[in-house]
Every structure is written in structure tokens, then in C-alpha cells.
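To be precise, the following lines are model-v3.cif, and they hold mmCIF, C-alpha atoms (C1' of nucleotides).
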```
data_work
#
loop_
_atom_site.label_atom_id
_atom_site.label_comp_id
_atom_site.auth_asym_id
_atom_site.auth_seq_id
_atom_site.Cartn_x
_atom_site.Cartn_y
_atom_site.Cartn_z
CA MET U 1 -103.48 52.81 123.98
CA MET U 2 -104.27 49.15 123.40
CA GLY U 3 -101.26 46.90 122.99
CA TYR U 4 -101.20 44.01 120.55
CA TRP U 5 -99.03 40.92 120.87
CA LEU U 6 -98.30 37.55 119.36
CA LEU U 7 -97.74 34.54 121.60
CA LYS U 8 -96.33 31.31 120.23
CA THR U 9 -97.23 27.93 121.54
CA GLU U 10 -96.83 24.38 120.33
CA PRO U 11 -100.36 23.00 120.01
CA ASN U 12 -99.12 19.52 120.95
CA THR U 13 -98.22 21.00 124.32
CA PHE U 14 -100.78 23.78 124.80
CA SER U 15 -103.20 24.79 122.07
CA ILE U 16 -105.82 27.53 121.75
CA GLU U 17 -108.39 24.86 122.68
CA ASP U 18 -106.43 24.01 125.81
CA LEU U 19 -106.60 27.70 126.73
CA LYS U 20 -110.35 27.73 126.06
CA ASN U 21 -110.77 24.67 128.26
CA SER U 22 -108.73 26.10 131.13
CA PRO U 23 -110.53 27.20 134.32
CA SER U 24 -112.13 30.60 133.62
CA ARG U 25 -110.63 30.17 130.13
CA THR U 26 -107.50 31.59 131.67
CA SER U 27 -103.94 30.31 131.94
CA MET U 28 -100.54 31.44 133.06
CA TRP U 29 -98.31 32.08 130.05
CA GLU U 30 -95.25 30.57 131.67
CA GLY U 31 -91.91 29.17 130.63
CA VAL U 32 -90.63 32.06 128.52
CA ARG U 33 -86.83 31.79 128.84
CA ASN U 34 -85.56 34.39 126.43
CA TYR U 35 -84.72 37.91 127.59
CA GLN U 36 -86.18 39.74 124.62
CA ALA U 37 -89.42 37.82 124.95
CA ARG U 38 -89.44 38.34 128.71
CA ASN U 39 -89.01 42.07 128.28
CA PHE U 40 -92.07 42.14 126.04
CA ILE U 41 -93.99 40.13 128.67
CA ARG U 42 -93.16 42.88 131.16
CA GLU U 43 -94.60 45.52 128.83
CA MET U 44 -97.98 43.83 128.63
CA ARG U 45 -100.99 45.52 130.20
CA VAL U 46 -104.32 44.10 131.29
CA ASP U 47 -106.76 44.03 128.35
CA ASP U 48 -104.02 44.07 125.73
CA GLU U 49 -104.93 41.64 122.95
CA ALA U 50 -102.87 38.80 121.55
CA PHE U 51 -102.77 36.43 118.64
CA ILE U 52 -102.24 32.86 119.78
CA TYR U 53 -99.86 31.34 117.23
CA HIS U 54 -99.39 27.61 116.77
CA SER U 55 -95.79 26.64 115.97
CA SER U 56 -93.97 23.38 115.24
CA CYS U 57 -97.07 21.76 113.82
CA LYS U 58 -98.62 20.75 110.50
CA VAL U 59 -100.03 24.20 109.68
CA PRO U 60 -98.21 26.87 111.65
CA GLY U 61 -100.18 30.09 112.00
CA ILE U 62 -102.53 32.25 114.05
CA ALA U 63 -105.13 30.02 115.67
CA GLY U 64 -107.01 32.35 117.97
CA LEU U 65 -107.26 35.42 120.13
CA ALA U 66 -106.69 36.09 123.81
CA LYS U 67 -106.54 38.98 126.24
CA VAL U 68 -103.99 39.74 128.90
CA SER U 69 -105.86 39.28 132.17
CA ARG U 70 -103.00 39.77 134.64
CA ALA U 71 -99.91 41.89 134.11
CA ALA U 72 -96.39 40.52 134.53
CA TYR U 73 -95.41 38.72 137.73
CA PRO U 74 -92.53 36.37 138.67
CA ASP U 75 -92.82 33.08 136.80
CA PRO U 76 -93.31 30.42 139.50
CA THR U 77 -92.12 27.63 137.20
CA ALA U 78 -88.62 29.17 137.18
CA VAL U 79 -88.18 28.39 140.88
CA ASP U 80 -90.01 25.06 140.92
CA PRO U 81 -87.46 22.21 140.78
CA ASP U 82 -90.21 19.87 139.57
CA SER U 83 -91.02 22.05 136.58
CA SER U 84 -89.46 21.44 133.20
CA TYR U 85 -89.03 25.21 133.07
CA PHE U 86 -86.97 25.28 136.28
CA ASP U 87 -84.05 27.70 136.07
CA LEU U 88 -80.98 26.93 138.18
CA LYS U 89 -79.99 30.58 138.20
CA SER U 90 -83.29 31.83 139.62
CA ASP U 91 -84.58 31.61 143.16
CA PRO U 92 -87.62 33.10 144.90
CA ASP U 93 -85.66 36.19 145.95
CA ASN U 94 -84.17 36.65 142.52
CA ASN U 95 -86.40 35.27 139.80
CA ARG U 96 -85.12 36.23 136.38
CA TRP U 97 -88.32 35.32 134.58
CA SER U 98 -91.80 36.74 134.24
CA CYS U 99 -95.15 35.52 133.07
CA VAL U 100 -98.63 36.95 132.52
CA ASP U 101 -102.11 35.44 132.62
CA VAL U 102 -104.04 35.29 129.38
CA THR U 103 -107.73 34.62 128.82
CA TRP U 104 -109.20 32.98 125.73
CA THR U 105 -111.45 35.20 123.66
CA GLU U 106 -111.83 33.45 120.31
CA THR U 107 -110.77 30.41 118.33
CA LEU U 108 -110.59 31.48 114.70
CA ALA U 109 -112.78 29.57 112.24
CA GLY U 110 -109.62 28.84 110.26
CA ILE U 111 -105.92 29.05 110.98
CA ILE U 112 -104.30 32.12 109.41
CA SER U 113 -101.28 30.23 108.17
CA LEU U 114 -97.70 31.42 108.16
CA GLY U 115 -97.72 30.89 104.41
CA VAL U 116 -100.59 33.35 103.99
CA LEU U 117 -98.92 35.91 106.24
CA LYS U 118 -95.65 35.57 104.33
CA SER U 119 -97.32 36.06 100.97
CA ASP U 120 -98.99 39.36 101.91
CA PRO U 121 -96.83 42.39 101.00
CA ALA U 122 -98.71 44.48 103.58
CA LEU U 123 -97.19 42.24 106.27
CA ALA U 124 -93.61 42.29 105.03
CA ASP U 125 -92.46 44.02 108.22
CA LEU U 126 -94.38 41.77 110.60
CA THR U 127 -92.06 40.95 113.49
CA LEU U 128 -93.00 37.28 113.20
CA LEU U 129 -91.49 37.19 109.73
CA LYS U 130 -88.36 39.12 110.67
CA HIS U 131 -87.50 37.38 113.93
CA SER U 132 -88.73 33.89 113.39
CA ARG U 133 -87.41 32.48 116.67
CA LEU U 134 -88.92 35.02 119.05
CA SER U 135 -91.79 33.49 121.04
CA VAL U 136 -93.38 36.69 122.39
CA MET U 137 -93.49 39.80 120.25
CA PRO U 138 -95.45 42.98 119.67
CA VAL U 139 -97.78 43.34 116.70
CA ALA U 140 -98.03 46.81 115.16
CA ASP U 141 -101.55 48.31 115.20
CA VAL U 142 -101.59 48.48 111.43
CA HIS U 143 -100.63 44.81 111.14
CA TRP U 144 -103.18 43.74 113.73
CA GLN U 145 -105.98 45.61 111.96
CA HIS U 146 -104.94 44.32 108.56
CA ILE U 147 -104.84 40.69 109.69
CA MET U 148 -108.18 41.01 111.46
CA ASP U 149 -109.85 42.76 108.52
CA VAL U 150 -108.52 40.56 105.74
CA TYR U 151 -108.05 37.09 107.19
CA ARG U 152 -110.27 36.62 110.24
CA LEU U 153 -113.08 34.29 109.22
"C1'" DG E 154 -85.28 14.38 110.70
"C1'" DC E 155 -82.60 18.13 108.77
"C1'" DC E 156 -80.64 22.33 109.24
"C1'" DA E 157 -80.47 27.56 109.25
"C1'" DA E 158 -80.87 31.13 112.38
"C1'" DC E 159 -79.64 32.79 116.43
"C1'" DG E 160 -79.42 33.14 121.62
"C1'" DT E 161 -76.44 31.68 125.54
"C1'" DT E 162 -72.38 30.16 127.90
"C1'" DG E 163 -67.86 30.23 129.36
"C1'" DG E 164 -62.78 30.34 128.53
"C1'" DC E 165 -59.44 33.52 127.67
"C1'" DG A 166 -65.38 42.05 125.92
"C1'" DC A 167 -64.54 38.70 122.22
"C1'" DC A 168 -65.86 34.70 120.09
"C1'" DA A 169 -66.03 29.58 119.54
"C1'" DA A 170 -68.82 25.99 120.99
"C1'" DC A 171 -73.03 24.62 122.00
"C1'" DG A 172 -78.11 24.33 122.51
"C1'" DT A 173 -82.74 25.53 120.93
"C1'" DT A 174 -86.36 26.99 117.87
"C1'" DG A 175 -89.22 26.11 114.32
"C1'" DG A 176 -90.13 25.74 109.24
"C1'" DC A 177 -89.84 22.52 105.84
#
```
If you convert what's in this file into C-alpha cells, what do you get?
Amino acid sequence: MMGYWLLKTEPNTFSIEDLKNSPSRTSMWEGVRNYQARNFIREMRVDDEAFIYHSSCKVPGIAGLAKVSRAAYPDPTAVDPDSSYFDLKSDPDNNRWSCVDVTWTETLAGIISLGVLKSDPALADLTLLKHSRLSVMPVADVHWQHIMDVYRL
DNA sequence: GCCAACGTTGGC
DNA sequence: GCCAACGTTGGC
């Protein structure tokens, strides 16, 4: 069964285009420091699909699509003192945090804005709208299909 | 830049 | 284990 996810990123820091321009169009999805989000990271399987969501920007919304290309592994940035994601309470023998690799598949022709998602009654139960601060979350099959059918340009 | 929502920390 | 204080996220 294919899993569907939504991954938030601030485009000023790392956008869908940055993912596209990464070597092999692939990047670590590192720096998640929230247990609920981390637990979802650990549930991800290779070839699961994800919306890449741009947050904290002029038009927040779904900007593109990616695939999980490597399942969860210990997040190296948690144990790197030079990383801004360094975690004092983690060390190489006990790393609290996990990351996956994701590979760019598509930049949408237009952002599917948060405003549009909010205004669609069919998406009232979308996790994004119920838990606005979660940075990694599952997307129900029915929501994924609806968004792809109705809003993907 | 404000601030509501909410996750985390740490004293007790 | 409670909860106040604090820090962060992210829309507006």
C-alpha cells in the first residue's frame, strides 16, 4: 500500500527547486526535531509519495511532489556540533532523531495554496488544517487523490 | 512584526 | 506526574 505524506519546508531555506537542483535530485530530509513528526518519518517507505509544502512565505501551499528514496536512518545533523540542527541530548550511540532521503519528481505548474485547501469542504479533515504546526504528516489516500485530481495543474 | 497554538523543559 | 514558563512555528 502506497503511503502519502506532506513535508513542510521554508522555501527561503530549501525550496522544491533546491530539491530539483540537488545531486540526483535527491536530498536528505534532515532537521526534524519534533517527536510526532519523527515518528511519521520512521513510518515512511521507499517509493511513498509526498507533497512538498512551502511554509512561512508569501503564498504558503503545496509546491511540488517528491518520492521517498531511502527509508529512515539516524539524522547525522543531530550529532554534528557544526550543524544548526545539532542536538545536545543526542550522540552517535544514541541519536534521538531520524531522517529520510527524498527525490524530486515534479514542480507543480502553480502552488496549491493553503487558502485553496482551506476553502474546500472535501479537505476539512486534512491533517495540515487540523495540526498546523506539524512539519511531517500523513495524507489520507482520499485527500491525496482529491488534491491531485482537482488542483494539480 | 504580531500573536495564537502548542510542544518542551524543569522545578516541585 | 503536574503545570508554569518558555521557545518555536507559521499564518496573517
Result set, the PyMOL selection byres ((chain U) within 9 of (chain E)) on current file, as a CSV table (one decimal) with C-alpha atoms, keeping the file's coordinate frame:
```csv
chain,number,residue,atom,x,y,z
U,34,ASN,CA,-85.6,34.4,126.4
U,132,SER,CA,-88.7,33.9,113.4
U,133,ARG,CA,-87.4,32.5,116.7
```
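Residue nearest Asp18 (chain U) within the list U:Thr107, U:Ser55, U:Ser84, U:Asn94: U:Thr107 [criterion: smallest interatomic distance, all atoms listed in the file].
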**Prompt:** Skipping near chain neighbours, those fewer than 5 positions away, what residues fall within 6 Å of Tyr85 (chain U) using all atoms listed in the file, listed as a PyMOL selection string?
**Reply:** chain U and resi 31+77-78
For Ile41 (chain U), please output as a PDB file with C-alpha atoms, in the coordinates of the input all residues within 7 Å (counting only C-alpha atoms (C1' of nucleotides); exclusion window: fewer than 6 positions along the same chain).
```
ATOM      1  CA  ALA U  72     -96.390  40.520 134.530  1.00  0.00           C
ATOM      2  CA  SER U  98     -91.800  36.740 134.240  1.00  0.00           C
ATOM      3  CA  CYS U  99     -95.150  35.520 133.070  1.00  0.00           C
ATOM      4  CA  VAL U 100     -98.630  36.950 132.520  1.00  0.00           C
TER       5      VAL U 100
END
```
**Prompt:** Suppose you want the space between CA of Ala63 (chain U) and CA of His146 (chain U); what is it in Å?
**Reply:** 16.0 Å
Applied to this file, what does the PyMOL selection byres ((chain U and resi 115) around 12) return in terms of residues, put as a tab-separated table (two decimals) with C-alpha atoms (C1' of nucleotides), in the frame of the given file?
```tsv
chain	number	residue	atom	x	y	z
U	58	LYS	CA	-98.62	20.75	110.50
U	59	VAL	CA	-100.03	24.20	109.68
U	60	PRO	CA	-98.21	26.87	111.65
U	61	GLY	CA	-100.18	30.09	112.00
U	62	ILE	CA	-102.53	32.25	114.05
U	111	ILE	CA	-105.92	29.05	110.98
U	112	ILE	CA	-104.30	32.12	109.41
U	113	SER	CA	-101.28	30.23	108.17
U	114	LEU	CA	-97.70	31.42	108.16
U	116	VAL	CA	-100.59	33.35	103.99
U	117	LEU	CA	-98.92	35.91	106.24
U	118	LYS	CA	-95.65	35.57	104.33
U	119	SER	CA	-97.32	36.06	100.97
U	120	ASP	CA	-98.99	39.36	101.91
U	123	LEU	CA	-97.19	42.24	106.27
U	128	LEU	CA	-93.00	37.28	113.20
U	129	LEU	CA	-91.49	37.19	109.73
A	176	DG	C1'	-90.13	25.74	109.24
A	177	DC	C1'	-89.84	22.52	105.84
```
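In this model, the gap between CA of Val102 (chain U) and CA of Gln36 (chain U) comes to 19.0 Å.
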**Message:** Using the chain letters and numbers from this file, what does the PyMOL selection byres ((chain U and resi 79) around 12) select? Give the answer as JSON, numbers by chain.
**Reply:** {"U": [30, 31, 74, 75, 76, 77, 78, 80, 81, 82, 83, 84, 85, 86, 87, 88, 89, 90, 91, 92, 93, 94, 95, 96, 97, 98]}
**Prompt:** Which one is closest to Glu106 (chain U): U:Leu19, U:Leu153, U:Leu65, U:Met1? Count all atoms listed in the file.
**Reply:** U:Leu65
**Prompt:** Do you have the CA of Met148 (chain U)-CA of Pro23 (chain U) distance handy?
**Reply:** 26.8 Å
**Request:** Find the residues with any atom within 6 Å of (-101.3, 37.1, 119.7); use all atoms listed in the file and the coordinates as given in the file, and write the answer as number ranges by chain.
**Result:** U: 5-7, 50-52
**Request:** Could you give me, as a PyMOL selection string, the residues that have an atom at most 12 Å away from the point (-94.7, 48.8, 130.2) in the coordinates of the file, using only C-alpha atoms (C1' of nucleotides)?
**Result:** chain U and resi 1-3+38-46+48+71-72
Selection above as a file: C-alpha atoms, as a short mmCIF file (atom, residue, chain, number, x, y, z; two decimals), in the coordinates of the input:
```cif
data_model
loop_
_atom_site.label_atom_id
_atom_site.label_comp_id
_atom_site.auth_asym_id
_atom_site.auth_seq_id
_atom_site.Cartn_x
_atom_site.Cartn_y
_atom_site.Cartn_z
CA MET U 1 -103.48 52.81 123.98
CA MET U 2 -104.27 49.15 123.40
CA GLY U 3 -101.26 46.90 122.99
CA ARG U 38 -89.44 38.34 128.71
CA ASN U 39 -89.01 42.07 128.28
CA PHE U 40 -92.07 42.14 126.04
CA ILE U 41 -93.99 40.13 128.67
CA ARG U 42 -93.16 42.88 131.16
CA GLU U 43 -94.60 45.52 128.83
CA MET U 44 -97.98 43.83 128.63
CA ARG U 45 -100.99 45.52 130.20
CA VAL U 46 -104.32 44.10 131.29
CA ASP U 48 -104.02 44.07 125.73
CA ALA U 71 -99.91 41.89 134.11
CA ALA U 72 -96.39 40.52 134.53
#
```
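Closest approach to Thr105 (chain U) among U:Ala37, U:His143, U:Arg152, U:Gly64 is made by U:Gly64 (distances from all atoms listed in the file).
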